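Asks: Here it is, the structure, as structure tokens.
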Amino acid sequence: MKYNCDLISDLLPLYKDEICSEASRKIVEEHLAECPDCKKMLNSLNDVTIDEKIVKEKEEVIGTQAKFFKRKSALAGSIIGLIFSIPILVCLIVNLATGAGLTWFFIVLAGILVAASVIIVPLMVRENKMFMTMASFTASVMLLLGVICIYSGGNWFFVTASATLFGLTVLFAPFIVSRRPVNAYIKNRKGLAIMCAYTATFVLMMLAIGFYAGMKEFFPMAFAVSMPLVGIAWAMFAIIRYLRFNACVKTGLCIASAGALTSLISVLGPAAEASISRTGVTYSSGVSVPPLTFVVIGLVIAGIGFLVGKNKGGKK
Ligand SMILES: [Zn+2]
């Protein structure tokens, strides 16, 4: 034999995948014709059924394990559910025995539902665990607030519910937009979806507070101050997310837009103040640095960034 088997065995994988040179191919074929050992080795390389078997076995093991854990977590969920039902039953009986009908029992029931939503739901739900847990937690918190409000004869439900909804949206939105089933619908518009959710729940909260306070004067003042601030958040989001400039330009534009929208408050504020002064509520804007200064500073920074970026681009 012209070549030794070690050399050929090094070449065999390349030969098998047909990526070796013409010269190597000839050498390998010459050698294979007279060496049964190397021929055997090539056959074992071509024999992919072994790999397939291993993959199949691996998948089977993973599948069985997954089923096992799903069964276990469903069992754990059922047991915890049973444990939760004990205080519910006790309270039901005590409430019926001591009062005329069911009253505070519903508060206990709603309270336990809040706990169950974060413990039992993730154990029992098979798909979209995070989404289902956050949704059921939000719903049960709303239910609890509603029940307490009805029981205590209050009229504050919408104020607390909208404020709670805003707070939970701030917490949950970043997780919800990146998980099933929501992420399939919004794809790469996650930031936009979060900003919309924040703005919508914030406006809802402001409206609820205004109607609860029952004063028309609340709205002009509240929105004159808060909407430019919401605008700052949107402007910064749009600049950072969508503009294709360097960080220096973006920083400058963020500062400039914050300055411009803050100066909008100092225009809208006094206008709203006119309607408020009649009611005796006083308003003072404690702005000491003129916001327009920030617009100028921001534009200068953006300009420097733009020029620096331009020079860099020119060199390339
Ligand atoms: Zn050989």
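Labels for the structure tokens follow display order: chains A, B, ..., residues from 1 in each chain, ligands from 1.
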For the interface of chain A with ligand 1 (cut-off 7 Å, counting only C-alpha atoms and all ligand atoms), please tabulate each contacting residue of chain A alongside its nearest pair of atoms and their separation in Å to one decimal, rows sorted by chain and increasing number, as JSON lines.

Replies:
{"residue": "A:Asn4", "atom": "CA", "partner": "ligand 1", "partner_atom_place_in_ligand_line": "1 (Zn)", "distance": 6.3}
{"residue": "A:Cys5", "atom": "CA", "partner": "ligand 1", "partner_atom_place_in_ligand_line": "1 (Zn)", "distance": 3.8}
{"residue": "A:Ile8", "atom": "CA", "partner": "ligand 1", "partner_atom_place_in_ligand_line": "1 (Zn)", "distance": 6.5}
{"residue": "A:His31", "atom": "CA", "partner": "ligand 1", "partner_atom_place_in_ligand_line": "1 (Zn)", "distance": 6.4}
{"residue": "A:Leu32", "atom": "CA", "partner": "ligand 1", "partner_atom_place_in_ligand_line": "1 (Zn)", "distance": 6.7}
{"residue": "A:Cys35", "atom": "CA", "partner": "ligand 1", "partner_atom_place_in_ligand_line": "1 (Zn)", "distance": 4.7}
{"residue": "A:Pro36", "atom": "CA", "partner": "ligand 1", "partner_atom_place_in_ligand_line": "1 (Zn)", "distance": 6.9}
{"residue": "A:Asp37", "atom": "CA", "partner": "ligand 1", "partner_atom_place_in_ligand_line": "1 (Zn)", "distance": 5.5}
{"residue": "A:Cys38", "atom": "CA", "partner": "ligand 1", "partner_atom_place_in_ligand_line": "1 (Zn)", "distance": 4.4}

Asks: With only C-alpha atoms as the counted atoms, please give the residues lying no more than 9 Å from stretch 17-29 of chain A, apart from itself and same-chain residues fewer than 5 positions off, as a list of chain:residue names.

Replies: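 After dropping sequence-adjacent residues, the list is A:Lys2, A:Tyr3, A:Ile8, A:Leu11, A:Leu12.
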
Asks: Store the residues picked out above in a file with C-alpha atoms, as a CSV table (one decimal), in the first residue's frame.

Replies:
chain,number,residue,atom,x,y,z
A,2,LYS,CA,1.2,3.4,-1.0
A,3,TYR,CA,-0.2,5.4,1.9
A,8,ILE,CA,-6.4,7.9,4.8
A,11,LEU,CA,-9.0,12.2,4.7
A,12,LEU,CA,-12.1,10.0,4.9

Asks: Using only C-alpha atoms, which protein or nucleic acid residues come within 12 Å of A:Met142? Drop anything in the same chain fewer than 2 positions from it, and give the result as a ChimeraX atom specification.

Replies: /A:107,110-111,113-114,135-140,144-149,157-165,168

Asks: Generate a file of the selected residues that holds C-alpha atoms, formatted as a compact mmCIF listing (two decimals), in the first residue's frame.

Replies:
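File selection_28.txt, as written:
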# COMPACT_ATOMS: atom_id res chain seq x y z
CA ILE A 107 -62.98 39.56 50.67
CA ALA A 110 -60.80 37.29 46.52
CA GLY A 111 -57.68 37.59 48.71
CA LEU A 113 -57.56 34.07 44.64
CA VAL A 114 -54.75 36.66 44.45
CA ALA A 135 -53.18 38.20 33.60
CA SER A 136 -54.79 36.16 36.40
CA PHE A 137 -52.86 38.13 39.06
CA THR A 138 -54.06 41.45 37.61
CA ALA A 139 -57.65 40.19 37.32
CA SER A 140 -57.73 38.83 40.89
CA LEU A 144 -60.19 42.03 45.44
CA LEU A 145 -60.32 45.84 45.15
CA GLY A 146 -63.88 45.65 43.78
CA VAL A 147 -65.09 43.35 46.56
CA ILE A 148 -63.53 45.49 49.32
CA CYS A 149 -64.96 48.63 47.74
CA PHE A 157 -62.84 51.54 42.98
CA PHE A 158 -61.98 53.16 39.63
CA VAL A 159 -59.25 55.36 41.13
CA THR A 160 -57.45 52.47 42.85
CA ALA A 161 -58.13 50.02 40.00
CA SER A 162 -56.76 52.38 37.33
CA ALA A 163 -53.73 53.30 39.47
CA THR A 164 -53.06 49.60 40.17
CA LEU A 165 -53.48 48.80 36.48
CA LEU A 168 -48.85 46.59 37.05

Asks: For A:Val90, work out the shell of residues within 12 Å, counting only C-alpha atoms and skipping chain neighbours fewer than 5 positions away, then give it as a list in words.

Replies: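 Surrounding residues, per the criterion: Ile83, Phe84, Ser85, Asn95, Leu96, Ala97, Phe105, Val108 and Leu109 of chain A.
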
Asks: Identify, on the basis of only C-alpha atoms, every residue whose closest approach to A:Ile304 does not exceed 8 Å; exclude the query and any residue fewer than 3 positions from it along the same chain; express the result as a ChimeraX atom specification.

Replies: /A:248-249,300-301,307-308

Asks: Please provide the set of residues having any atom within 9 Å of A:Thr293, restricted to only C-alpha atoms, with same-chain residues fewer than 4 positions apart removed, written as a list in words.

Replies: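 My reading of the contact set: Ala256, Gly259, Val289, Ile297 and Gly298 of chain A.
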
Asks: When you count only C-alpha atoms, which of these residues is closest to A:Met41: A:Gly77, A:Pro228, A:Pro270, A:Pro13?

Replies: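 Looking at the shortest contact to A:Met41, the residue is A:Pro13.
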
Asks: Which is closest to A:Leu123 among A:Leu89, A:Leu102, A:Met221, A:Ile80, if we use only C-alpha atoms?

Replies: A:Ile80

Asks: Please extract the residues of stretch 116-274 of chain A with a backbone DSSP assignment of helix (DSSP H, G or I) and present them as a PyMOL selection string.

Replies: chain A and resi 116-124+129-151+157-176+183-186+190-213+218-242+247-274

Asks: Do a neighbour search on A:Pro174 at 10 Å with only C-alpha atoms, toss out local chain neighbours closer than 2 positions, and write the hits as a ChimeraX atom specification.

Replies: /A:169-172,176-179,190-191,193-195

Asks: Please produce a file of those selected residues containing N, CA and C atoms, as a short mmCIF file (atom, residue, chain, number, x, y, z; two decimals), in the first residue's frame.

Replies:
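Result file out_38.cif:
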data_model
loop_
_atom_site.label_atom_id
_atom_site.label_comp_id
_atom_site.auth_asym_id
_atom_site.auth_seq_id
_atom_site.Cartn_x
_atom_site.Cartn_y
_atom_site.Cartn_z
N THR A 169 -48.95 47.53 34.80
CA THR A 169 -48.53 47.62 33.39
C THR A 169 -47.05 48.00 33.30
N VAL A 170 -46.64 48.96 34.15
CA VAL A 170 -45.23 49.37 34.17
C VAL A 170 -44.35 48.15 34.48
N LEU A 171 -44.81 47.33 35.44
CA LEU A 171 -44.03 46.15 35.85
C LEU A 171 -44.06 45.03 34.80
N PHE A 172 -45.25 44.72 34.29
CA PHE A 172 -45.44 43.51 33.49
C PHE A 172 -45.18 43.69 31.99
N ILE A 176 -44.39 40.83 29.16
CA ILE A 176 -45.51 40.33 28.35
C ILE A 176 -45.23 40.49 26.86
N VAL A 177 -44.63 41.63 26.45
CA VAL A 177 -44.42 41.84 25.01
C VAL A 177 -43.38 40.88 24.42
N SER A 178 -42.51 40.32 25.28
CA SER A 178 -41.46 39.46 24.74
C SER A 178 -41.79 37.98 24.88
N ARG A 179 -42.98 37.66 25.39
CA ARG A 179 -43.37 36.26 25.57
C ARG A 179 -44.61 35.92 24.75
N LYS A 190 -41.99 45.99 19.92
CA LYS A 190 -42.13 45.81 21.36
C LYS A 190 -42.10 47.15 22.10
N GLY A 191 -41.10 47.98 21.79
CA GLY A 191 -40.95 49.28 22.47
C GLY A 191 -42.18 50.14 22.28
N ALA A 193 -45.22 49.13 21.58
CA ALA A 193 -46.35 48.53 22.31
C ALA A 193 -46.29 48.90 23.79
N ILE A 194 -45.07 48.86 24.38
CA ILE A 194 -44.91 49.20 25.79
C ILE A 194 -45.28 50.67 26.03
N MET A 195 -44.78 51.56 25.16
CA MET A 195 -45.06 52.99 25.31
C MET A 195 -46.57 53.25 25.21
#
